[in-house]
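Novice: So that you have it, the file is structure_28.txt, and it contains compact mmCIF, C-alpha atoms:
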# COMPACT_ATOMS: atom_id res chain seq x y z
CA MET A 1166 -53.25 -7.91 95.73
CA SER A 1167 -49.79 -9.47 95.53
CA ALA A 1168 -46.68 -7.31 95.79
CA LEU A 1169 -44.19 -7.04 92.93
CA LEU A 1170 -41.76 -9.96 93.25
CA SER A 1171 -38.02 -9.38 92.92
CA ARG A 1172 -36.35 -10.93 89.87
CA ASP A 1173 -35.03 -13.84 91.93
CA GLU A 1174 -38.35 -14.42 93.70
CA PHE A 1175 -40.21 -14.33 90.40
CA ARG A 1176 -37.77 -16.78 88.77
CA THR A 1177 -38.17 -19.23 91.65
CA ALA A 1178 -41.96 -18.86 91.56
CA LEU A 1179 -42.00 -19.58 87.79
CA GLU A 1180 -39.83 -22.68 88.27
CA ASN A 1181 -42.08 -23.91 91.07
CA ALA A 1182 -45.21 -23.30 88.99
CA ILE A 1183 -43.87 -25.74 86.40
CA LYS A 1184 -42.16 -28.24 88.67
CA GLY A 1185 -45.17 -29.80 90.35
CA LYS A 1186 -46.83 -30.57 87.03
CA SER A 1187 -43.78 -31.65 85.04
CA ALA A 1188 -44.61 -34.01 82.19
CA ASN A 1189 -41.68 -36.15 83.38
CA LYS A 1190 -44.15 -37.58 85.88
CA SER A 1191 -46.74 -38.71 83.36
CA PRO A 1192 -47.23 -42.48 83.00
CA PHE A 1193 -46.28 -42.25 79.31
CA SER A 1194 -42.96 -40.56 80.14
CA LEU A 1195 -42.27 -43.12 82.86
CA ALA A 1196 -43.06 -46.03 80.51
CA TRP A 1197 -40.82 -44.41 77.87
CA ALA A 1198 -37.95 -44.04 80.32
CA GLY A 1199 -38.45 -47.61 81.49
CA GLY A 1200 -38.12 -48.92 77.93
CA THR A 1201 -41.50 -50.65 77.98
CA LEU A 1202 -43.21 -48.90 75.04
CA THR A 1203 -43.49 -50.67 71.71
CA ARG A 1204 -42.43 -49.06 68.42
CA GLU A 1205 -46.12 -48.89 67.51
CA GLN A 1206 -46.82 -46.86 70.65
CA LEU A 1207 -43.88 -44.57 69.92
CA ALA A 1208 -45.26 -44.12 66.40
CA ARG A 1209 -48.61 -43.00 67.86
CA TRP A 1210 -46.68 -40.56 70.08
CA ALA A 1211 -44.91 -39.13 67.02
CA GLU A 1212 -48.20 -38.81 65.11
CA ASN A 1213 -49.63 -36.80 67.97
CA HIS A 1214 -46.53 -34.83 68.86
CA TYR A 1215 -46.31 -33.49 65.32
CA HIS A 1216 -49.61 -31.64 65.78
CA TYR A 1217 -48.51 -30.10 69.06
CA VAL A 1218 -45.01 -28.94 68.07
CA GLY A 1219 -45.51 -28.65 64.30
CA PRO A 1220 -47.33 -25.29 64.54
CA PHE A 1221 -44.91 -23.88 67.17
CA ALA A 1222 -43.62 -21.23 64.76
CA ASP A 1223 -47.26 -20.35 64.01
CA TYR A 1224 -47.99 -19.87 67.71
CA LEU A 1225 -44.91 -17.66 68.07
CA GLY A 1226 -45.85 -15.75 64.91
CA TYR A 1227 -49.06 -14.54 66.56
CA VAL A 1228 -47.13 -13.50 69.67
CA TYR A 1229 -44.50 -11.75 67.53
CA ALA A 1230 -47.13 -9.71 65.72
CA ARG A 1231 -48.70 -8.55 68.99
CA MET A 1232 -45.46 -7.92 70.91
CA PRO A 1233 -45.06 -4.10 71.18
CA ALA A 1234 -42.41 -2.70 68.84
CA GLN A 1235 -40.34 -1.23 71.68
CA HIS A 1236 -39.60 -4.72 73.02
CA VAL A 1237 -36.99 -5.27 70.32
CA GLU A 1238 -35.09 -8.05 72.11
CA ALA A 1239 -38.26 -10.01 72.75
CA LYS A 1240 -39.35 -9.66 69.13
CA ASP A 1241 -35.91 -10.71 67.89
CA PHE A 1242 -35.98 -13.74 70.16
CA LEU A 1243 -39.37 -14.82 68.82
CA LEU A 1244 -38.23 -14.36 65.25
CA ALA A 1245 -35.00 -16.32 65.85
CA ASN A 1246 -36.97 -19.08 67.56
CA MET A 1247 -39.34 -19.35 64.57
CA TYR A 1248 -36.39 -19.36 62.14
CA GLU A 1249 -34.62 -22.12 64.06
CA GLU A 1250 -37.76 -24.26 64.20
CA GLU A 1251 -38.27 -24.08 60.47
CA ILE A 1252 -35.25 -23.14 58.36
CA GLY A 1253 -32.20 -22.55 60.61
CA GLY A 1254 -30.89 -26.06 60.03
CA ASP A 1255 -33.02 -29.11 59.39
CA ARG A 1256 -36.72 -28.40 59.80
CA HIS A 1257 -37.51 -29.73 63.25
CA THR A 1258 -40.69 -31.48 62.12
CA ASP A 1259 -38.73 -33.31 59.40
CA LEU A 1260 -36.55 -34.79 62.12
CA LEU A 1261 -39.67 -35.81 64.04
CA ILE A 1262 -41.01 -37.50 60.90
CA ARG A 1263 -37.66 -39.32 60.48
CA PHE A 1264 -38.12 -40.73 63.98
CA ALA A 1265 -41.76 -41.59 63.24
CA GLU A 1266 -40.74 -43.49 60.11
CA ALA A 1267 -38.17 -45.43 62.14
CA CYS A 1268 -41.05 -46.41 64.42
CA GLY A 1269 -42.91 -47.88 61.46
CA THR A 1270 -45.39 -45.15 60.53
CA THR A 1271 -45.37 -42.90 57.47
CA ARG A 1272 -45.03 -39.18 56.70
CA GLU A 1273 -48.61 -39.24 55.39
CA ARG A 1274 -49.96 -40.66 58.62
CA VAL A 1275 -47.95 -38.19 60.72
CA ILE A 1276 -49.18 -35.07 58.95
CA ASP A 1277 -52.79 -36.33 58.76
CA GLU A 1278 -54.76 -34.41 61.43
CA GLU A 1279 -57.17 -37.32 61.72
CA ASN A 1280 -54.48 -39.25 63.58
CA MET A 1281 -54.22 -36.97 66.62
CA SER A 1282 -56.16 -37.70 69.76
CA PRO A 1283 -58.81 -35.26 71.08
CA THR A 1284 -56.46 -34.30 73.91
CA THR A 1285 -53.68 -33.43 71.48
CA ARG A 1286 -56.19 -31.30 69.59
CA ALA A 1287 -57.00 -29.58 72.91
CA LEU A 1288 -53.32 -28.85 73.61
CA GLN A 1289 -52.84 -27.45 70.11
CA ALA A 1290 -55.98 -25.31 70.48
CA TRP A 1291 -54.79 -24.05 73.87
CA CYS A 1292 -51.44 -23.02 72.35
CA TYR A 1293 -53.22 -21.10 69.57
CA ALA A 1294 -55.58 -19.45 72.07
CA VAL A 1295 -52.71 -18.34 74.30
CA ALA A 1296 -50.76 -16.99 71.31
CA MET A 1297 -53.73 -15.07 69.92
CA ARG A 1298 -55.48 -13.82 73.03
CA GLU A 1299 -53.09 -13.40 75.96
CA ASP A 1300 -50.88 -10.42 76.65
CA PRO A 1301 -47.73 -11.23 74.61
CA VAL A 1302 -45.54 -11.40 77.72
CA VAL A 1303 -47.98 -13.81 79.34
CA ALA A 1304 -48.02 -15.81 76.10
CA VAL A 1305 -44.20 -16.09 76.17
CA ALA A 1306 -44.48 -17.30 79.76
CA GLY A 1307 -47.03 -19.95 78.79
CA LEU A 1308 -45.55 -21.20 75.54
CA VAL A 1309 -41.82 -20.78 76.08
CA VAL A 1310 -41.29 -20.93 79.85
CA GLY A 1311 -44.23 -23.21 80.64
CA LEU A 1312 -43.84 -25.61 77.71
CA GLU A 1313 -40.60 -25.24 75.74
CA SER A 1314 -38.29 -24.90 78.74
CA GLN A 1315 -39.39 -28.34 79.99
CA VAL A 1316 -38.14 -30.07 76.87
CA PRO A 1317 -34.38 -30.43 77.64
CA SER A 1318 -35.02 -32.20 80.95
CA ILE A 1319 -37.56 -34.53 79.32
CA TYR A 1320 -35.38 -35.39 76.32
CA ARG A 1321 -32.23 -35.78 78.42
CA LYS A 1322 -34.00 -38.68 80.12
CA GLN A 1323 -35.66 -40.09 77.01
CA THR A 1324 -32.87 -39.93 74.42
CA PRO A 1325 -30.36 -42.37 75.96
CA THR A 1326 -33.25 -44.79 76.44
CA LEU A 1327 -34.14 -44.59 72.77
CA ARG A 1328 -30.61 -45.68 71.84
CA GLU A 1329 -29.92 -48.17 74.60
CA LYS A 1330 -33.28 -49.82 75.26
CA TYR A 1331 -35.16 -49.35 72.00
CA GLY A 1332 -32.17 -49.71 69.66
CA PHE A 1333 -32.65 -46.58 67.54
CA THR A 1334 -29.67 -45.17 65.66
CA ASP A 1335 -28.13 -41.72 66.27
CA GLU A 1336 -29.70 -40.33 63.11
CA GLU A 1337 -33.13 -41.69 63.97
CA VAL A 1338 -33.16 -39.87 67.32
CA GLU A 1339 -31.65 -36.59 66.11
CA PHE A 1340 -34.96 -34.80 66.79
CA PHE A 1341 -34.40 -35.35 70.52
CA ASP A 1342 -30.69 -34.53 70.52
CA LEU A 1343 -31.11 -31.15 68.89
CA HIS A 1344 -33.81 -30.01 71.30
CA ILE A 1345 -31.54 -30.51 74.27
CA VAL A 1346 -29.44 -27.57 73.01
CA SER A 1347 -31.97 -25.41 71.18
CA ASP A 1348 -34.72 -25.54 73.80
CA GLU A 1349 -32.24 -24.90 76.59
CA ILE A 1350 -31.45 -21.62 74.83
CA HIS A 1351 -35.09 -20.86 74.02
CA GLY A 1352 -36.30 -21.70 77.52
CA GLU A 1353 -33.68 -19.56 79.22
CA ARG A 1354 -34.19 -16.62 76.85
CA GLY A 1355 -37.93 -16.98 77.54
CA TYR A 1356 -37.23 -16.69 81.25
CA GLN A 1357 -35.09 -13.59 80.67
CA ILE A 1358 -37.86 -11.91 78.65
CA VAL A 1359 -40.59 -12.71 81.15
CA LEU A 1360 -38.44 -11.62 84.11
CA GLU A 1361 -37.73 -8.33 82.33
CA LEU A 1362 -41.15 -7.47 80.91
CA ALA A 1363 -43.60 -8.80 83.52
CA ASN A 1364 -43.12 -5.64 85.56
CA THR A 1365 -46.38 -5.37 87.50
CA PRO A 1366 -47.76 -7.67 90.21
CA GLU A 1367 -50.76 -8.41 88.01
CA LEU A 1368 -48.63 -9.42 85.01
CA GLN A 1369 -46.37 -11.54 87.21
CA GLN A 1370 -49.34 -13.41 88.66
CA ARG A 1371 -50.78 -14.01 85.19
CA CYS A 1372 -47.42 -15.38 84.02
CA LEU A 1373 -47.25 -17.71 87.01
CA LYS A 1374 -50.77 -18.95 86.41
CA ILE A 1375 -50.23 -19.60 82.72
CA CYS A 1376 -47.00 -21.52 83.40
CA GLU A 1377 -48.91 -23.71 85.79
CA VAL A 1378 -51.72 -24.24 83.28
CA GLY A 1379 -49.23 -24.89 80.43
CA ALA A 1380 -47.47 -27.53 82.47
CA GLN A 1381 -50.86 -29.04 83.34
CA MET A 1382 -51.83 -29.10 79.67
CA ARG A 1383 -48.65 -30.93 78.69
CA LEU A 1384 -49.10 -33.39 81.54
CA LEU A 1385 -52.71 -33.95 80.45
CA TYR A 1386 -51.55 -34.54 76.87
CA THR A 1387 -48.93 -37.12 77.78
CA THR A 1388 -51.23 -38.83 80.26
CA ALA A 1389 -53.88 -39.11 77.55
CA LEU A 1390 -51.33 -40.70 75.22
CA TYR A 1391 -50.82 -43.38 77.82
CA ASN A 1392 -54.56 -43.92 78.25
CA ASP A 1393 -55.25 -43.92 74.51
CA TYR A 1394 -52.36 -46.04 73.25
CA VAL A 1395 -50.79 -47.95 76.15
CA ALA A 1396 -53.44 -48.73 78.74
CA VAL A 1397 -56.03 -49.53 76.11
CA PRO A 1398 -58.72 -51.72 77.69
CA SER A 1399 -59.04 -55.18 76.20
CA GLU A 1400 -62.18 -56.05 74.24
CA GLN A 1401 -63.30 -58.19 77.16
CA GLU A 1402 -62.94 -55.26 79.61
CA GLU A 1403 -64.84 -53.02 77.24
CA ALA A 1404 -67.62 -55.60 76.98
CA VAL A 1405 -67.87 -55.79 80.78
CA ALA A 1406 -67.94 -51.98 81.05
CA ALA A 1407 -70.73 -51.83 78.45
CA MET B 391 -16.76 -25.61 88.24
CA PRO B 392 -14.93 -25.83 84.91
CA ARG B 393 -12.71 -22.87 84.01
CA VAL B 394 -12.93 -21.94 80.33
CA VAL B 395 -10.19 -20.03 78.53
CA PHE B 396 -11.37 -18.84 75.14
CA HIS B 397 -9.02 -17.33 72.54
CA LYS B 398 -10.46 -15.28 69.71
CA ASN B 399 -8.46 -13.40 67.12
CA GLY B 400 -5.56 -12.74 69.49
CA GLN B 401 -7.70 -11.85 72.50
CA THR B 402 -8.25 -14.11 75.52
CA PHE B 403 -11.45 -14.36 77.54
CA GLU B 404 -11.81 -16.45 80.66
CA ASP B 405 -14.56 -17.41 83.08
CA GLU B 406 -15.90 -20.20 85.24
CA VAL B 407 -19.05 -21.99 84.12
CA LYS B 408 -21.39 -24.42 85.85
CA ASP B 409 -20.73 -28.13 85.60
CA LYS B 410 -22.17 -29.69 82.40
CA THR B 411 -22.32 -26.35 80.62
CA ASN B 412 -22.69 -26.15 76.86
CA LEU B 413 -20.92 -23.04 75.54
CA VAL B 414 -23.38 -22.60 72.65
CA VAL B 415 -26.25 -22.60 75.13
CA ARG B 416 -24.33 -20.02 77.19
CA ALA B 417 -23.73 -17.84 74.15
CA GLY B 418 -27.39 -18.29 73.17
CA ILE B 419 -28.51 -16.82 76.47
CA LYS B 420 -25.98 -14.01 76.11
CA GLN B 421 -23.50 -15.09 78.76
CA PHE B 422 -19.75 -15.81 78.45
CA PRO B 423 -18.42 -16.59 75.85
CA PHE B 424 -21.06 -14.34 74.21
CA PRO B 425 -20.52 -12.41 71.96
CA HIS B 426 -17.18 -13.96 71.02
CA LEU B 427 -18.17 -17.56 70.31
CA LYS B 428 -19.52 -17.83 66.79
CA TYR B 429 -22.31 -20.40 66.36
CA GLN B 430 -25.36 -20.90 64.22
CA CYS B 431 -27.56 -24.01 64.15
CA GLY B 432 -26.82 -25.45 67.61
CA MET B 433 -27.49 -28.91 66.23
CA GLY B 434 -24.13 -30.09 64.91
CA LYS B 435 -25.01 -29.41 61.28
CA CYS B 436 -23.14 -26.27 60.28
CA ALA B 437 -19.77 -26.44 62.15
CA THR B 438 -19.88 -22.67 62.74
CA CYS B 439 -19.10 -23.30 66.43
CA ALA B 440 -16.03 -25.47 65.67
CA CYS B 441 -13.14 -24.72 68.04
CA GLU B 442 -9.57 -25.93 68.34
CA VAL B 443 -9.04 -27.48 71.77
CA LEU B 444 -5.69 -26.28 73.12
CA ALA B 445 -5.89 -27.93 76.55
CA GLY B 446 -8.27 -30.33 78.27
CA ALA B 447 -9.09 -32.43 75.21
CA GLU B 448 -8.26 -35.64 77.06
CA GLN B 449 -11.09 -34.96 79.53
CA LEU B 450 -13.73 -34.65 76.83
CA PRO B 451 -15.94 -37.54 75.75
CA PRO B 452 -15.09 -39.09 72.37
CA PRO B 453 -16.47 -37.19 69.35
CA ASN B 454 -20.06 -38.11 68.53
CA TRP B 455 -21.42 -38.99 65.08
CA LYS B 456 -22.19 -35.37 64.19
CA GLU B 457 -18.65 -34.22 65.02
CA LYS B 458 -17.21 -37.09 62.99
CA LYS B 459 -19.43 -36.15 60.06
CA GLN B 460 -18.78 -32.39 60.22
CA LEU B 461 -15.11 -32.30 61.20
CA GLY B 462 -13.64 -35.41 59.57
CA ASP B 463 -9.84 -35.18 59.56
CA ARG B 464 -9.92 -31.98 61.62
CA LEU B 465 -10.79 -34.11 64.68
CA ASP B 466 -7.22 -35.40 64.62
CA ALA B 467 -5.98 -31.82 64.62
CA GLY B 468 -7.91 -31.17 67.84
CA TRP B 469 -11.10 -29.55 66.55
CA ARG B 470 -14.46 -30.13 68.26
CA LEU B 471 -17.97 -28.74 67.87
CA ALA B 472 -18.78 -26.56 70.89
CA CYS B 473 -22.51 -27.25 70.50
CA GLN B 474 -21.91 -30.95 71.13
CA LEU B 475 -19.82 -30.55 74.30
CA TRP B 476 -21.15 -30.46 77.88
CA LEU B 477 -18.16 -29.34 79.90
CA GLU B 478 -17.20 -30.99 83.16
CA HIS B 479 -13.50 -30.05 83.28
CA ASP B 480 -11.25 -27.06 82.60
CA ILE B 481 -10.72 -26.38 78.93
CA GLU B 482 -8.83 -23.97 76.66
CA LEU B 483 -10.25 -23.30 73.21
CA ARG B 484 -9.45 -21.17 70.19
CA GLN B 485 -11.85 -20.00 67.51
CA ASP B 486 -10.20 -17.54 65.14
CA ASP B 487 -12.32 -16.20 62.30
CA ALA B 488 -9.67 -16.95 59.71
CA ALA B 489 -8.95 -20.46 60.99
CA ALA B 490 -12.51 -21.69 61.39
CA PRO B 491 -13.22 -24.67 59.14
CA ALA B 492 -15.74 -24.11 56.38
Produce structure tokens that represent the structure in this file.
Specialist:
Amino acid sequence: MSALLSRDEFRTALENAIKGKSANKSPFSLAWAGGTLTREQLARWAENHYHYVGPFADYLGYVYARMPAQHVEAKDFLLANMYEEEIGGDRHTDLLIRFAEACGTTRERVIDEENMSPTTRALQAWCYAVAMREDPVVAVAGLVVGLESQVPSIYRKQTPTLREKYGFTDEEVEFFDLHIVSDEIHGERGYQIVLELANTPELQQRCLKICEVGAQMRLLYTTALYNDYVAVPSEQEEAVAA
Amino acid sequence: MPRVVFHKNGQTFEDEVKDKTNLVVRAGIKQFPFPHLKYQCGMGKCATCACEVLAGAEQLPPPNWKEKKQLGDRLDAGWRLACQLWLEHDIELRQDDAAAPA
């Protein structure tokens, strides 16, 4: 059985659990950063991304309900996070839809669940399962530390590219701009909560594992986007494979 | 590391922050200038975090589109949105409750 890690050791272990599987390394993220995606491919990304991040307040709502009442700060953080996603300023999904529309798709297509890939459906289902079934501290580790805290580093790379290489306007890419600030706060507060409340070796190990799995899930999701929408085999290749 | 001097309602608070620090992010994670810096949306929409820059303004990047939209003429009077600034140099700011723009 592992010993209880100090706060610093645990923080480093959490960061390392995420690092190796960062979605920054997925072929879709690399193509995005390289400016080689088409607007159609970015539209497919937006149609999928909506179904992963759209229910984020729902995921957190389940965790909030199951977080013990004595963890007031953790509950307040979850509530504030939900509020900011939905009604604190602009609804975050509305900004995503604005970007999607700039890519040439429509609000109707974005919100239509039929337009997400099976892998996106799997990521969404994993988020719901974690929120509903895991210990609430482990769920915060998976959803906030494992997933949300990655966002600022991803969008810091992707946002300048959207302006400079793809030619989007400031307003069209506001979805990405805002997450650089808000998810930096959410990710760090998530770390603080997990470092504080994962106070047994067993809980710490479960948090580390779920961060690793969360990062894997996001990497799987973005890799599948590449396979489904960028590296689509030609009809001739498909005929040969058949 | 940038040194930040923050004036609030006649009181002065001061600390060093890491390079490329955003003060709203810092306040959001309950570090200096928490709890003194007032902010709300963190996305350049509400101007709650607006501060008057008393020193170091020349080292800041030009105001972005959100600051232009939210602050208008107040930009000329030295106001900036803290949520839109990633600090790389020393800065002195003031955010008095009475003086904050609506």
Novice: What residues in chain B lie within 10 Å of chain A, counting only C-alpha atoms, written as a list in words?
Specialist: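 Using only C-alpha atoms, chain B residues at most 10 Å from chain A: Asn412, Leu413, Val414, Val415, Arg416, Ala417, Gly418, Ile419, Lys420, Gln430, Cys431, Gly432, Met433, Gly434, Lys435, Cys436, Asn454, Trp455, Lys456, Cys473 and Gln474 of chain B.
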Novice: Name the closest residue to Ala467 in chain B among the candidates B:Ala437, B:Val443, B:Phe424, B:Glu404; distances are taken between atoms, counting only C-alpha atoms.
Specialist: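 Of B:Ala437, B:Val443, B:Phe424, B:Glu404, the one nearest Ala467 in chain B, counting only C-alpha atoms, is B:Val443.
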Novice: Name the closest residue to Ala1178 in chain A among the candidates A:Thr1285, A:Thr1270, A:Thr1388, A:Gln1370; distances are taken between atoms, counting all atoms listed in the file.
Specialist: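 Between A:Thr1285, A:Thr1270, A:Thr1388, A:Gln1370, the residue approaching Ala1178 in chain A most closely is A:Gln1370.
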Novice: Counting only C-alpha atoms, what is within 7 Å of range 1192-1201 of chain A, bar same-chain residues fewer than 4 positions away, as a PDB file with C-alpha atoms, in the frame of the given file?
Specialist:
ATOM      1  CA  LYS A1322     -34.000 -38.680  80.120  1.00  0.00           C
ATOM      2  CA  GLN A1323     -35.660 -40.090  77.010  1.00  0.00           C
ATOM      3  CA  THR A1326     -33.250 -44.790  76.440  1.00  0.00           C
ATOM      4  CA  LYS A1330     -33.280 -49.820  75.260  1.00  0.00           C
ATOM      5  CA  TYR A1331     -35.160 -49.350  72.000  1.00  0.00           C
ATOM      6  CA  THR A1387     -48.930 -37.120  77.780  1.00  0.00           C
ATOM      7  CA  THR A1388     -51.230 -38.830  80.260  1.00  0.00           C
ATOM      8  CA  LEU A1390     -51.330 -40.700  75.220  1.00  0.00           C
ATOM      9  CA  TYR A1391     -50.820 -43.380  77.820  1.00  0.00           C
TER      10      TYR A1391
END
Novice: Write out as a list in words each polymer residue whose atoms come within 7 Å of range 393-395 of chain B, counting all atoms listed in the file; drop sequence neighbours fewer than 5 positions from it.
Specialist: Thr402, Phe403, Glu404, Asp405, Glu406, Val407, Asp480, Ile481, Glu482 and Leu483 of chain B
Novice: Would you save the residues from that selection as a PDB file, in the frame of the given file, using C-alpha atoms?
Specialist:
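See part-v5.pdb below for the written result:
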ATOM      1  CA  THR B 402      -8.250 -14.110  75.520  1.00  0.00           C
ATOM      2  CA  PHE B 403     -11.450 -14.360  77.540  1.00  0.00           C
ATOM      3  CA  GLU B 404     -11.810 -16.450  80.660  1.00  0.00           C
ATOM      4  CA  ASP B 405     -14.560 -17.410  83.080  1.00  0.00           C
ATOM      5  CA  GLU B 406     -15.900 -20.200  85.240  1.00  0.00           C
ATOM      6  CA  VAL B 407     -19.050 -21.990  84.120  1.00  0.00           C
ATOM      7  CA  ASP B 480     -11.250 -27.060  82.600  1.00  0.00           C
ATOM      8  CA  ILE B 481     -10.720 -26.380  78.930  1.00  0.00           C
ATOM      9  CA  GLU B 482      -8.830 -23.970  76.660  1.00  0.00           C
ATOM     10  CA  LEU B 483     -10.250 -23.300  73.210  1.00  0.00           C
TER      11      LEU B 483
END
Novice: I'd like the neighbourhood of range 1212-1224 of chain A as number ranges by chain, where a residue qualifies if any of its atoms comes within 7 Å (using only C-alpha atoms), though same-chain residues fewer than 5 positions away should be ignored.
Specialist: A: 1247, 1250, 1258, 1274-1275, 1280-1282, 1285, 1288-1289, 1292-1293, 1296
Novice: Can you tell me how far CA of Gln421 in chain B sits from CA of Gln449 in chain B, in Å to one decimal?
Specialist: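 Calculated distance between CA of Gln421 in chain B and CA of Gln449 in chain B is 23.4 Å.
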Novice: Place a sphere of radius 10 Å on (-38.2, -15.1, 68.5) in the file coordinates and name every protein, DNA or RNA residue with an atom inside or on its surface, counting all atoms listed in the file; give the answer as a list in words.
Specialist: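 The distance filter leaves exactly Ala1222, Leu1225, Gly1226, Val1228, Tyr1229, Glu1238, Ala1239, Lys1240, Asp1241, Phe1242, Leu1243, Leu1244, Ala1245, Asn1246, Met1247, Tyr1248, Glu1249, Val1305, His1351, Arg1354 and Gly1355 of chain A.
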Novice: Which of these residues is nearest to Glu1279 in chain A, using all atoms listed in the file: A:Gln1235, A:Arg1209, A:Asp1173, A:Glu1337?
Specialist: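 Among the listed residues, A:Arg1209 lies closest to Glu1279 in chain A.
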Novice: Could you tell me how far CA of Ile1319 in chain A sits from CA of Asn1189 in chain A, in Å to one decimal place?
Specialist: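 Separation of CA of Asn1189 in chain A and CA of Ile1319 in chain A: 6.0 Å.
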Novice: Which value, in Å to one decimal, gives the distance between CA of Gly1379 in chain A and CA of Gly1311 in chain A?
Specialist: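 These atoms are spaced 5.3 Å apart.
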Novice: Find the residues around Leu471 in chain B up to 9 Å (only C-alpha atoms counted), leave out those fewer than 5 positions away in its own chain, and share them as a PyMOL selection string.
Specialist: chain B and resi 434+437-442+453+456-457+460-461
Novice: Under the rule that only C-alpha atoms are counted, which of A:Ala1234, A:Phe1341, A:Asn1392, A:Ala1304 is the nearest residue to Ser1318 in chain A?
Specialist: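 Of all the options, A:Phe1341 lies closest to Ser1318 in chain A.
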